[in-house]
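This is work.tsv. It holds TSV, C-alpha atoms.
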```tsv
chain	number	residue	atom	x	y	z
A	1	MET	CA	10.13	2.01	13.92
A	2	ARG	CA	7.01	3.28	12.15
A	3	VAL	CA	4.10	0.87	12.51
A	4	GLY	CA	0.85	1.35	10.62
A	5	THR	CA	-2.19	-0.64	9.55
A	6	PHE	CA	-2.98	-2.14	6.14
A	7	VAL	CA	-6.69	-1.84	5.37
A	8	LEU	CA	-8.28	-4.05	2.72
A	9	ALA	CA	-11.95	-3.49	3.61
A	10	ALA	CA	-12.26	-7.26	3.36
A	11	GLN	CA	-15.75	-8.70	3.01
A	12	PHE	CA	-15.87	-11.92	5.02
A	13	PRO	CA	-18.49	-14.59	4.24
A	14	GLY	CA	-21.91	-13.57	5.50
A	15	GLN	CA	-21.02	-9.88	5.76
A	16	GLY	CA	-22.36	-6.94	3.80
A	17	GLN	CA	-20.15	-4.57	1.88
A	18	GLY	CA	-21.15	-1.63	4.05
A	19	GLU	CA	-20.14	-3.63	7.11
A	20	ALA	CA	-16.68	-4.21	5.63
A	21	LEU	CA	-16.24	-0.53	4.82
A	22	HIS	CA	-17.41	0.55	8.28
A	23	ARG	CA	-14.84	-1.76	9.86
A	24	ALA	CA	-12.16	-0.30	7.60
A	25	VAL	CA	-12.97	3.26	8.63
A	26	ARG	CA	-13.16	2.42	12.32
A	27	SER	CA	-9.85	0.58	12.28
A	28	ALA	CA	-8.21	3.69	10.83
A	29	GLU	CA	-9.79	5.98	13.39
A	30	VAL	CA	-8.67	3.71	16.23
A	31	ALA	CA	-5.16	3.55	14.72
A	32	GLU	CA	-4.84	7.31	15.16
A	33	GLU	CA	-6.23	7.16	18.70
A	34	CYS	CA	-3.66	4.50	19.63
A	35	GLY	CA	-0.61	6.31	18.30
A	36	LEU	CA	0.12	4.26	15.18
A	37	ASP	CA	2.10	5.94	12.43
A	38	SER	CA	0.00	5.36	9.34
A	39	VAL	CA	-2.94	3.74	7.57
A	40	TRP	CA	-2.46	2.12	4.15
A	41	LEU	CA	-5.54	1.57	1.97
A	42	ALA	CA	-5.96	-1.06	-0.72
A	43	GLU	CA	-8.30	-0.88	-3.70
A	44	HIS	CA	-9.99	-3.65	-5.66
A	45	HIS	CA	-12.79	-3.88	-8.20
A	46	PHE	CA	-15.67	-6.35	-8.47
A	47	VAL	CA	-14.45	-8.78	-5.76
A	48	PRO	CA	-15.17	-9.29	-2.04
A	49	TYR	CA	-11.44	-9.67	-1.33
A	50	GLY	CA	-11.60	-5.92	-0.75
A	51	VAL	CA	-14.63	-3.72	-1.40
A	52	CYS	CA	-12.89	-0.32	-1.57
A	53	PRO	CA	-12.73	0.57	-5.30
A	54	SER	CA	-10.86	3.86	-4.82
A	55	ALA	CA	-8.08	4.14	-2.27
A	56	VAL	CA	-7.67	7.88	-2.88
A	57	THR	CA	-11.36	8.48	-2.16
A	58	LEU	CA	-11.22	6.57	1.10
A	59	ALA	CA	-7.95	8.36	1.93
A	60	ALA	CA	-9.72	11.69	1.52
A	61	LEU	CA	-12.39	10.63	4.00
A	62	LEU	CA	-9.85	9.42	6.55
A	63	LEU	CA	-7.62	12.48	6.19
A	64	GLY	CA	-10.67	14.58	6.98
A	65	ARG	CA	-11.50	12.50	10.06
A	66	THR	CA	-7.97	12.46	11.48
A	67	ARG	CA	-5.42	15.08	12.47
A	68	ARG	CA	-2.06	13.36	12.92
A	69	ILE	CA	-1.78	9.96	11.25
A	70	ARG	CA	-0.39	9.51	7.73
A	71	VAL	CA	-2.72	7.98	5.16
A	72	GLY	CA	-1.45	6.18	2.08
A	73	THR	CA	-2.74	4.11	-0.81
A	74	ALA	CA	-1.52	0.52	-1.02
A	75	VAL	CA	-2.00	0.81	-3.83
A	76	SER	CA	-3.66	2.92	-6.46
A	77	VAL	CA	-3.53	0.74	-9.60
A	78	LEU	CA	-2.01	2.79	-12.41
A	79	PRO	CA	-3.08	0.67	-15.42
A	80	THR	CA	-6.76	1.37	-14.66
A	81	VAL	CA	-6.53	5.15	-14.15
A	82	HIS	CA	-5.15	8.15	-16.00
A	83	PRO	CA	-1.94	9.22	-14.26
A	84	VAL	CA	-2.80	12.91	-14.56
A	85	ALA	CA	-6.15	12.39	-12.86
A	86	LEU	CA	-4.44	10.45	-10.09
A	87	GLY	CA	-1.74	13.12	-9.82
A	88	GLU	CA	-4.35	15.85	-9.41
A	89	GLN	CA	-6.07	13.86	-6.64
A	90	ALA	CA	-2.75	13.20	-4.92
A	91	ALA	CA	-1.82	16.89	-5.06
A	92	LEU	CA	-5.18	17.86	-3.61
A	93	LEU	CA	-4.86	15.42	-0.70
A	94	HIS	CA	-1.25	16.36	-0.06
A	95	LEU	CA	-1.98	20.08	0.15
A	96	THR	CA	-5.25	19.93	2.08
A	97	SER	CA	-3.91	17.43	4.64
A	98	GLY	CA	-0.74	19.35	5.41
A	99	GLY	CA	1.46	16.71	3.79
A	100	ARG	CA	0.01	13.63	5.49
A	101	PHE	CA	-0.77	11.75	2.27
A	102	THR	CA	1.41	9.07	0.64
A	103	LEU	CA	0.64	7.86	-2.86
A	104	GLY	CA	1.38	4.17	-3.27
A	105	VAL	CA	1.05	2.92	-6.84
A	106	GLY	CA	1.28	-0.48	-8.46
A	107	ARG	CA	0.81	-2.46	-11.65
A	108	GLY	CA	-2.06	-4.56	-10.34
A	109	GLY	CA	-3.01	-7.76	-12.12
A	110	PRO	CA	-4.38	-8.91	-15.51
A	111	TRP	CA	-7.94	-8.60	-14.27
A	112	VAL	CA	-11.19	-7.81	-16.04
A	113	ASP	CA	-10.83	-4.30	-14.58
A	114	LEU	CA	-8.67	-3.49	-17.64
A	115	GLU	CA	-11.62	-4.30	-19.92
A	116	VAL	CA	-14.22	-2.45	-17.86
A	117	PHE	CA	-12.18	0.75	-17.62
A	118	GLY	CA	-11.10	0.58	-21.27
A	119	GLN	CA	-7.36	0.46	-20.72
A	120	GLY	CA	-6.74	-2.98	-22.22
A	121	LEU	CA	-4.16	-5.66	-21.49
A	122	ALA	CA	-1.31	-3.57	-22.94
A	123	ALA	CA	-1.69	-1.09	-20.08
A	124	TYR	CA	-0.86	-3.91	-17.67
A	125	GLU	CA	1.81	-5.69	-19.70
A	126	HIS	CA	3.74	-2.70	-21.11
A	127	GLY	CA	2.26	0.60	-19.96
A	128	PHE	CA	3.25	0.88	-16.29
A	129	PRO	CA	6.61	2.69	-16.79
A	130	GLU	CA	5.04	5.32	-19.06
A	131	SER	CA	2.18	5.89	-16.62
A	132	LEU	CA	4.53	6.13	-13.65
A	133	ASP	CA	6.83	8.62	-15.36
A	134	LEU	CA	3.92	10.81	-16.41
A	135	LEU	CA	2.58	10.74	-12.85
A	136	LEU	CA	5.98	11.73	-11.43
A	137	ARG	CA	6.31	14.60	-13.90
A	138	TRP	CA	2.87	15.84	-12.85
A	139	LEU	CA	3.92	15.85	-9.22
A	140	ARG	CA	7.22	17.66	-9.89
A	141	GLU	CA	6.80	20.10	-12.81
A	142	PRO	CA	4.74	23.27	-13.29
A	143	ARG	CA	3.54	22.35	-16.81
A	144	VAL	CA	3.25	18.91	-18.38
A	145	GLY	CA	2.62	17.52	-21.86
A	146	ALA	CA	2.98	13.99	-23.22
A	147	ARG	CA	4.08	12.33	-26.46
A	148	GLY	CA	4.06	8.65	-25.56
A	149	GLU	CA	2.49	5.43	-26.77
A	150	ARG	CA	-0.49	5.68	-24.42
A	151	PHE	CA	-0.67	9.38	-23.59
A	152	ASP	CA	-0.44	12.20	-26.09
A	153	PHE	CA	-1.58	15.71	-25.16
A	154	ARG	CA	-0.46	19.32	-25.36
A	155	GLN	CA	1.26	20.99	-22.45
A	156	VAL	CA	-1.07	22.09	-19.65
A	157	ALA	CA	-0.62	23.79	-16.31
A	158	VAL	CA	-0.41	21.68	-13.15
A	159	VAL	CA	-3.15	22.91	-10.82
A	160	PRO	CA	-2.89	22.66	-7.89
A	161	ARG	CA	0.89	22.52	-7.70
A	162	PRO	CA	1.74	19.68	-5.29
A	163	ASP	CA	5.25	21.02	-4.65
A	164	GLU	CA	4.09	24.31	-3.13
A	165	LEU	CA	5.43	25.14	0.31
A	166	LEU	CA	3.41	23.74	3.18
A	167	PRO	CA	3.26	25.35	6.62
A	168	THR	CA	4.58	22.97	9.29
A	169	GLY	CA	2.78	24.71	12.14
A	170	PRO	CA	1.66	28.08	13.46
A	171	GLY	CA	4.54	30.49	13.06
A	172	GLY	CA	6.86	27.69	11.97
A	173	PRO	CA	8.93	27.26	8.80
A	174	GLU	CA	7.51	25.98	5.56
A	175	ALA	CA	8.41	22.60	4.04
A	176	PRO	CA	8.54	22.14	0.24
A	177	GLY	CA	7.86	19.00	-1.75
A	178	GLY	CA	4.99	17.02	-3.19
A	179	PRO	CA	3.49	13.82	-1.81
A	180	GLU	CA	5.68	10.81	-1.15
A	181	VAL	CA	5.35	8.15	-3.88
A	182	VAL	CA	5.87	4.46	-3.09
A	183	VAL	CA	5.85	1.60	-5.63
A	184	ALA	CA	4.53	-1.90	-4.94
A	185	CYS	CA	7.24	-4.32	-6.08
A	186	THR	CA	6.80	-8.05	-6.68
A	187	SER	CA	9.56	-8.82	-9.21
A	188	PRO	CA	13.15	-7.80	-10.07
A	189	LYS	CA	11.74	-5.76	-12.96
A	190	SER	CA	9.54	-3.64	-10.70
A	191	VAL	CA	12.35	-3.30	-8.15
A	192	ARG	CA	14.61	-1.87	-10.84
A	193	LEU	CA	11.86	0.45	-12.07
A	194	ALA	CA	11.39	1.90	-8.58
A	195	ALA	CA	15.12	2.07	-7.86
A	196	GLU	CA	16.00	3.95	-11.02
A	197	ARG	CA	13.44	6.59	-10.09
A	198	GLY	CA	14.56	6.67	-6.47
A	199	LEU	CA	11.15	5.59	-5.18
A	200	PRO	CA	10.79	3.42	-2.05
A	201	MET	CA	9.16	0.02	-2.33
A	202	LEU	CA	6.07	-1.50	-0.75
A	203	LEU	CA	6.76	-5.22	-0.32
A	204	GLY	CA	3.90	-7.70	0.04
A	205	MET	CA	2.83	-9.72	3.03
A	206	HIS	CA	3.42	-12.99	1.15
A	207	CYS	CA	7.20	-12.37	1.28
A	208	GLY	CA	9.44	-13.46	4.13
A	209	ASP	CA	12.39	-11.54	5.50
A	210	GLU	CA	14.92	-13.27	3.24
A	211	ASP	CA	13.03	-12.34	0.08
A	212	LYS	CA	12.53	-8.77	1.27
A	213	ALA	CA	16.19	-8.40	2.16
A	214	GLU	CA	17.16	-9.57	-1.34
A	215	MET	CA	14.80	-7.04	-2.91
A	216	VAL	CA	16.18	-4.21	-0.78
A	217	THR	CA	19.74	-5.17	-1.78
A	218	LEU	CA	18.73	-5.26	-5.45
A	219	TRP	CA	16.98	-1.89	-5.11
A	220	ARG	CA	20.07	-0.30	-3.59
A	221	ARG	CA	22.30	-1.63	-6.35
A	222	HIS	CA	20.05	-0.29	-9.12
A	223	ALA	CA	19.51	3.04	-7.33
A	224	LEU	CA	23.24	3.64	-6.95
A	225	ALA	CA	23.84	2.63	-10.58
A	226	ALA	CA	21.21	5.16	-11.62
A	227	GLY	CA	23.19	7.92	-9.92
A	228	HIS	CA	21.23	8.46	-6.72
A	229	GLU	CA	23.27	9.71	-3.79
A	230	PRO	CA	24.39	7.02	-1.31
A	231	GLU	CA	22.83	8.96	1.58
A	232	THR	CA	19.49	9.10	-0.22
A	233	VAL	CA	19.66	5.41	-1.04
A	234	ALA	CA	20.44	4.52	2.58
A	235	ARG	CA	17.47	6.57	3.85
A	236	ALA	CA	14.88	5.07	1.49
A	237	GLY	CA	11.66	4.47	3.39
A	238	HIS	CA	10.65	1.05	2.13
A	239	VAL	CA	7.46	-0.42	3.60
A	240	SER	CA	6.89	-4.04	4.64
A	241	ALA	CA	3.31	-5.32	4.50
A	242	GLY	CA	2.28	-8.04	6.93
A	243	VAL	CA	-0.41	-9.37	9.24
A	244	ALA	CA	-0.79	-8.55	12.93
A	245	GLN	CA	-2.98	-10.36	15.42
A	246	ILE	CA	-2.25	-9.73	19.09
A	247	ALA	CA	-3.47	-12.18	21.76
A	248	GLY	CA	-2.39	-13.79	25.00
A	249	SER	CA	-0.61	-16.59	23.16
A	250	ALA	CA	0.58	-17.43	19.67
A	251	ALA	CA	-1.90	-20.32	19.61
A	252	ASP	CA	-4.85	-18.04	20.38
A	253	ALA	CA	-3.83	-15.46	17.77
A	254	THR	CA	-3.26	-18.12	15.13
A	255	GLU	CA	-6.60	-19.77	15.90
A	256	THR	CA	-8.40	-16.44	15.41
A	257	LEU	CA	-6.91	-16.01	11.96
A	258	THR	CA	-7.16	-19.63	10.79
A	259	LYS	CA	-10.86	-19.66	11.68
A	260	ALA	CA	-11.69	-16.50	9.72
A	261	MET	CA	-9.17	-15.79	6.98
A	262	PRO	CA	-9.40	-18.93	4.81
A	263	GLY	CA	-13.10	-18.37	4.12
A	264	TRP	CA	-12.46	-14.75	3.16
A	265	LEU	CA	-9.43	-15.64	1.04
A	266	LYS	CA	-11.25	-18.38	-0.87
A	267	GLN	CA	-14.32	-16.26	-1.52
A	268	GLY	CA	-12.28	-13.18	-2.42
A	269	LEU	CA	-9.56	-14.72	-4.55
A	270	ASP	CA	-11.94	-17.03	-6.41
A	271	ALA	CA	-13.88	-13.98	-7.57
A	272	HIS	CA	-10.98	-12.56	-9.59
A	273	VAL	CA	-11.49	-12.89	-13.35
A	274	THR	CA	-8.65	-12.46	-15.83
A	275	VAL	CA	-9.14	-10.15	-18.78
A	276	ASP	CA	-7.85	-12.69	-21.31
A	277	GLY	CA	-8.86	-16.03	-19.77
A	278	ARG	CA	-5.32	-16.94	-18.71
A	279	HIS	CA	-4.91	-19.65	-16.08
A	280	ARG	CA	-4.63	-18.49	-12.48
A	281	ALA	CA	-2.73	-20.51	-9.91
A	282	MET	CA	-4.64	-20.11	-6.65
A	283	ARG	CA	-3.08	-20.31	-3.20
A	284	ASP	CA	-4.49	-22.80	-0.74
A	285	PRO	CA	-6.32	-20.50	1.73
A	286	VAL	CA	-5.53	-22.52	4.86
A	287	ALA	CA	-1.86	-23.03	4.02
A	288	TYR	CA	-1.51	-19.37	3.08
A	289	THR	CA	-3.06	-18.23	6.37
A	290	GLU	CA	-0.78	-20.52	8.34
A	291	MET	CA	2.25	-19.17	6.46
A	292	LEU	CA	1.26	-15.58	7.26
A	293	CYS	CA	0.94	-16.49	10.93
A	294	ARG	CA	4.49	-17.85	10.90
A	295	LEU	CA	5.98	-14.86	9.09
A	296	HIS	CA	4.37	-11.93	10.85
A	297	PRO	CA	3.56	-10.48	14.31
A	298	VAL	CA	0.86	-12.98	15.26
A	299	GLY	CA	0.89	-13.79	18.97
A	300	PRO	CA	1.50	-12.05	22.31
A	301	PRO	CA	2.97	-8.52	22.36
A	302	ARG	CA	6.55	-9.64	23.06
A	303	LEU	CA	6.55	-12.10	20.16
A	304	ALA	CA	4.98	-9.51	17.87
A	305	ALA	CA	7.57	-6.88	18.78
A	306	ASP	CA	10.40	-9.37	18.35
A	307	ARG	CA	9.20	-10.34	14.88
A	308	LEU	CA	8.95	-6.72	13.79
A	309	ALA	CA	12.41	-5.98	15.18
A	310	ALA	CA	13.82	-9.07	13.47
A	311	THR	CA	12.38	-8.02	10.12
A	312	ALA	CA	13.87	-4.56	10.55
A	313	GLU	CA	17.28	-6.02	11.40
A	314	ARG	CA	17.30	-8.52	8.53
A	315	THR	CA	15.92	-6.20	5.83
A	316	GLY	CA	16.69	-2.66	6.92
A	317	ILE	CA	12.98	-1.84	6.62
A	318	THR	CA	11.52	0.09	9.54
A	319	ARG	CA	8.07	0.98	8.17
A	320	PHE	CA	5.26	-1.55	8.48
A	321	ALA	CA	1.74	-1.82	7.08
A	322	LEU	CA	-0.02	-4.53	9.07
A	323	LEU	CA	-3.34	-6.15	8.22
A	324	VAL	CA	-5.37	-5.97	11.44
A	325	GLU	CA	-8.83	-7.07	10.23
A	326	GLY	CA	-8.02	-10.77	9.89
A	327	SER	CA	-10.63	-11.77	12.45
A	328	GLY	CA	-13.37	-10.29	10.29
A	329	ASP	CA	-15.06	-8.87	13.39
A	330	LEU	CA	-15.41	-5.16	14.13
A	331	ALA	CA	-14.92	-5.29	17.89
A	332	ALA	CA	-12.03	-7.75	17.60
A	333	THR	CA	-10.37	-5.58	14.96
A	334	GLU	CA	-10.61	-2.47	17.13
A	335	GLU	CA	-9.17	-4.38	20.09
A	336	ASN	CA	-6.37	-5.73	17.91
A	337	VAL	CA	-5.41	-2.20	16.88
A	338	ARG	CA	-5.52	-1.01	20.49
A	339	LEU	CA	-3.24	-3.83	21.62
A	340	LEU	CA	-0.85	-3.08	18.77
A	341	GLY	CA	-0.65	0.53	19.96
A	342	SER	CA	-0.63	0.03	23.71
A	343	GLU	CA	1.26	-3.25	24.12
A	344	VAL	CA	3.52	-3.67	21.08
A	345	LEU	CA	4.65	-0.14	20.19
A	346	PRO	CA	6.21	0.53	23.64
A	347	LEU	CA	8.38	-2.57	23.20
A	348	LEU	CA	9.80	-1.14	19.96
A	349	SER	CA	10.79	2.28	21.28
```
Kindly present the structure from the file in structure tokens form.
Amino acid sequence: MRVGTFVLAAQFPGQGQGEALHRAVRSAEVAEECGLDSVWLAEHHFVPYGVCPSAVTLAALLLGRTRRIRVGTAVSVLPTVHPVALGEQAALLHLTSGGRFTLGVGRGGPWVDLEVFGQGLAAYEHGFPESLDLLLRWLREPRVGARGERFDFRQVAVVPRPDELLPTGPGGPEAPGGPEVVVACTSPKSVRLAAERGLPMLLGMHCGDEDKAEMVTLWRRHALAAGHEPETVARAGHVSAGVAQIAGSAADATETLTKAMPGWLKQGLDAHVTVDGRHRAMRDPVAYTEMLCRLHPVGPPRLAADRLAATAERTGITRFALLVEGSGDLAATEENVRLLGSEVLPLLS
């Protein structure tokens, strides 16, 4: 079982943006201290739902401050960036961190971000496969050119090469390969896209075990049909996002989240603006928080461990990215991470 944290850098009502970012950095540092496997970083633009606009930039900071823990993006939004620029950044972080970086990518939403960054609605509605394939070529080939609908350029050298051999330790063997790439999947179409390319999925915290199990089954079917080896398909490292709040009782943990999260969710989600004025169906913040508490490891350590183990058994997923900042408080977030490492992890070993 590989348990990590999911960091949104959420700005709760009454907090400053610097305060939210400081809490995000500290939660990652404490995650390494407490033996967690990984830290996954979200990115958002122009909204207090999350005030980190560049997951790769924050990943660079955290990779420099840590020595063991893996750091991944959850996710870098491909329709708002050039895939070659993102590939160069991923290669740089992969090589300079000794292979501790994971690049999570996703399609994002139809937000005003597309207008601000000049990519347009087509990048969101039709351009994700082309962007993803160009990114993967950049991470796997020595020279890359493009002749697509969105990207058209002459062949250029890939520098630095992300697939160069990396030393695994003093005097030890070298391990080849570029950074791991994970795709956020929210629909059968995105599941098929990831499966055909043999890329593991990142599944959202709004999904329960039944939905995630169905997506894993669908992914396996498409991956096998695409010609991927059964052993490779069986070993795919899918990631399940969720919420974790550890306390003496389920009631105490739930109370902590239901007091803090609805205000953040309402403020953050209400701030999203669509690029084309389309209607947005908003979740009820209280009902959504209560649902997350029912689905995920929210409660005492034994309950939390049991819920993680149950998800692994039902879905086959053994990697977790858990939102730990749901209290909105720095000290409470650090304590939550420490309890996750000291009280929950030993129950999963």
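Among A:Ala195, A:His94, A:Ala244, A:Thr311, the residue with the shortest atom-to-atom distance to Glu325 in chain A, counting all atoms listed in the file, is A:Ala244.
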| request: Point out the residue among A:Pro346, A:Pro162, A:Pro200, A:Pro79 with the least atom-to-atom distance to Phe117 in chain A, counting only C-alpha atoms. | output: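 Result for the nearest residue to Phe117 in chain A: A:Pro79.
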Discussion item. Quick check, in Å to one decimal: how far apart do CA of Ala42 in chain A and CA of Thr73 in chain A lie?
Written reply: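 According to the coordinates, CA of Ala42 in chain A and CA of Thr73 in chain A are separated by 6.1 Å.
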Leaving out Val25 in chain A and any residue of its chain fewer than 5 positions from it, which residues lie within 9 Å of it when counting only C-alpha atoms, given as a PDB file with C-alpha atoms, in the coordinates of the input?
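Contents of part-v1.pdb, as written:
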```pdb
ATOM      1  CA  VAL A   7      -6.690  -1.840   5.370  1.00  0.00           C
ATOM      2  CA  ALA A   9     -11.950  -3.490   3.610  1.00  0.00           C
ATOM      3  CA  ALA A  20     -16.680  -4.210   5.630  1.00  0.00           C
ATOM      4  CA  VAL A  30      -8.670   3.710  16.230  1.00  0.00           C
ATOM      5  CA  LEU A  58     -11.220   6.570   1.100  1.00  0.00           C
ATOM      6  CA  LEU A  61     -12.390  10.630   4.000  1.00  0.00           C
ATOM      7  CA  LEU A  62      -9.850   9.420   6.550  1.00  0.00           C
TER       8      LEU A  62
END
```
Discussion item. List as a PyMOL selection string the protein and nucleic acid residues near range 292-309 of chain A, meaning an atom at most 6 Å away when all atoms listed in the file are counted, but skip any in the same chain fewer than 4 places from it.
Written reply: chain A and resi 242-250+253+343-344
Name all residues at most 10 Å from Pro83 in chain A (count all atoms listed in the file; drop same-chain ones fewer than 6 positions away) and give them as an mmCIF file with C-alpha atoms, in the frame of the given file.
```cif
data_model
loop_
_atom_site.group_PDB
_atom_site.id
_atom_site.type_symbol
_atom_site.label_atom_id
_atom_site.label_comp_id
_atom_site.auth_asym_id
_atom_site.auth_seq_id
_atom_site.Cartn_x
_atom_site.Cartn_y
_atom_site.Cartn_z
ATOM 1 C CA VAL A 77 -3.530 0.740 -9.600
ATOM 2 C CA GLN A 89 -6.070 13.860 -6.640
ATOM 3 C CA GLU A 130 5.040 5.320 -19.060
ATOM 4 C CA SER A 131 2.180 5.890 -16.620
ATOM 5 C CA LEU A 132 4.530 6.130 -13.650
ATOM 6 C CA ASP A 133 6.830 8.620 -15.360
ATOM 7 C CA LEU A 134 3.920 10.810 -16.410
ATOM 8 C CA LEU A 135 2.580 10.740 -12.850
ATOM 9 C CA LEU A 136 5.980 11.730 -11.430
ATOM 10 C CA ARG A 137 6.310 14.600 -13.900
ATOM 11 C CA TRP A 138 2.870 15.840 -12.850
ATOM 12 C CA PHE A 151 -0.670 9.380 -23.590
#
```
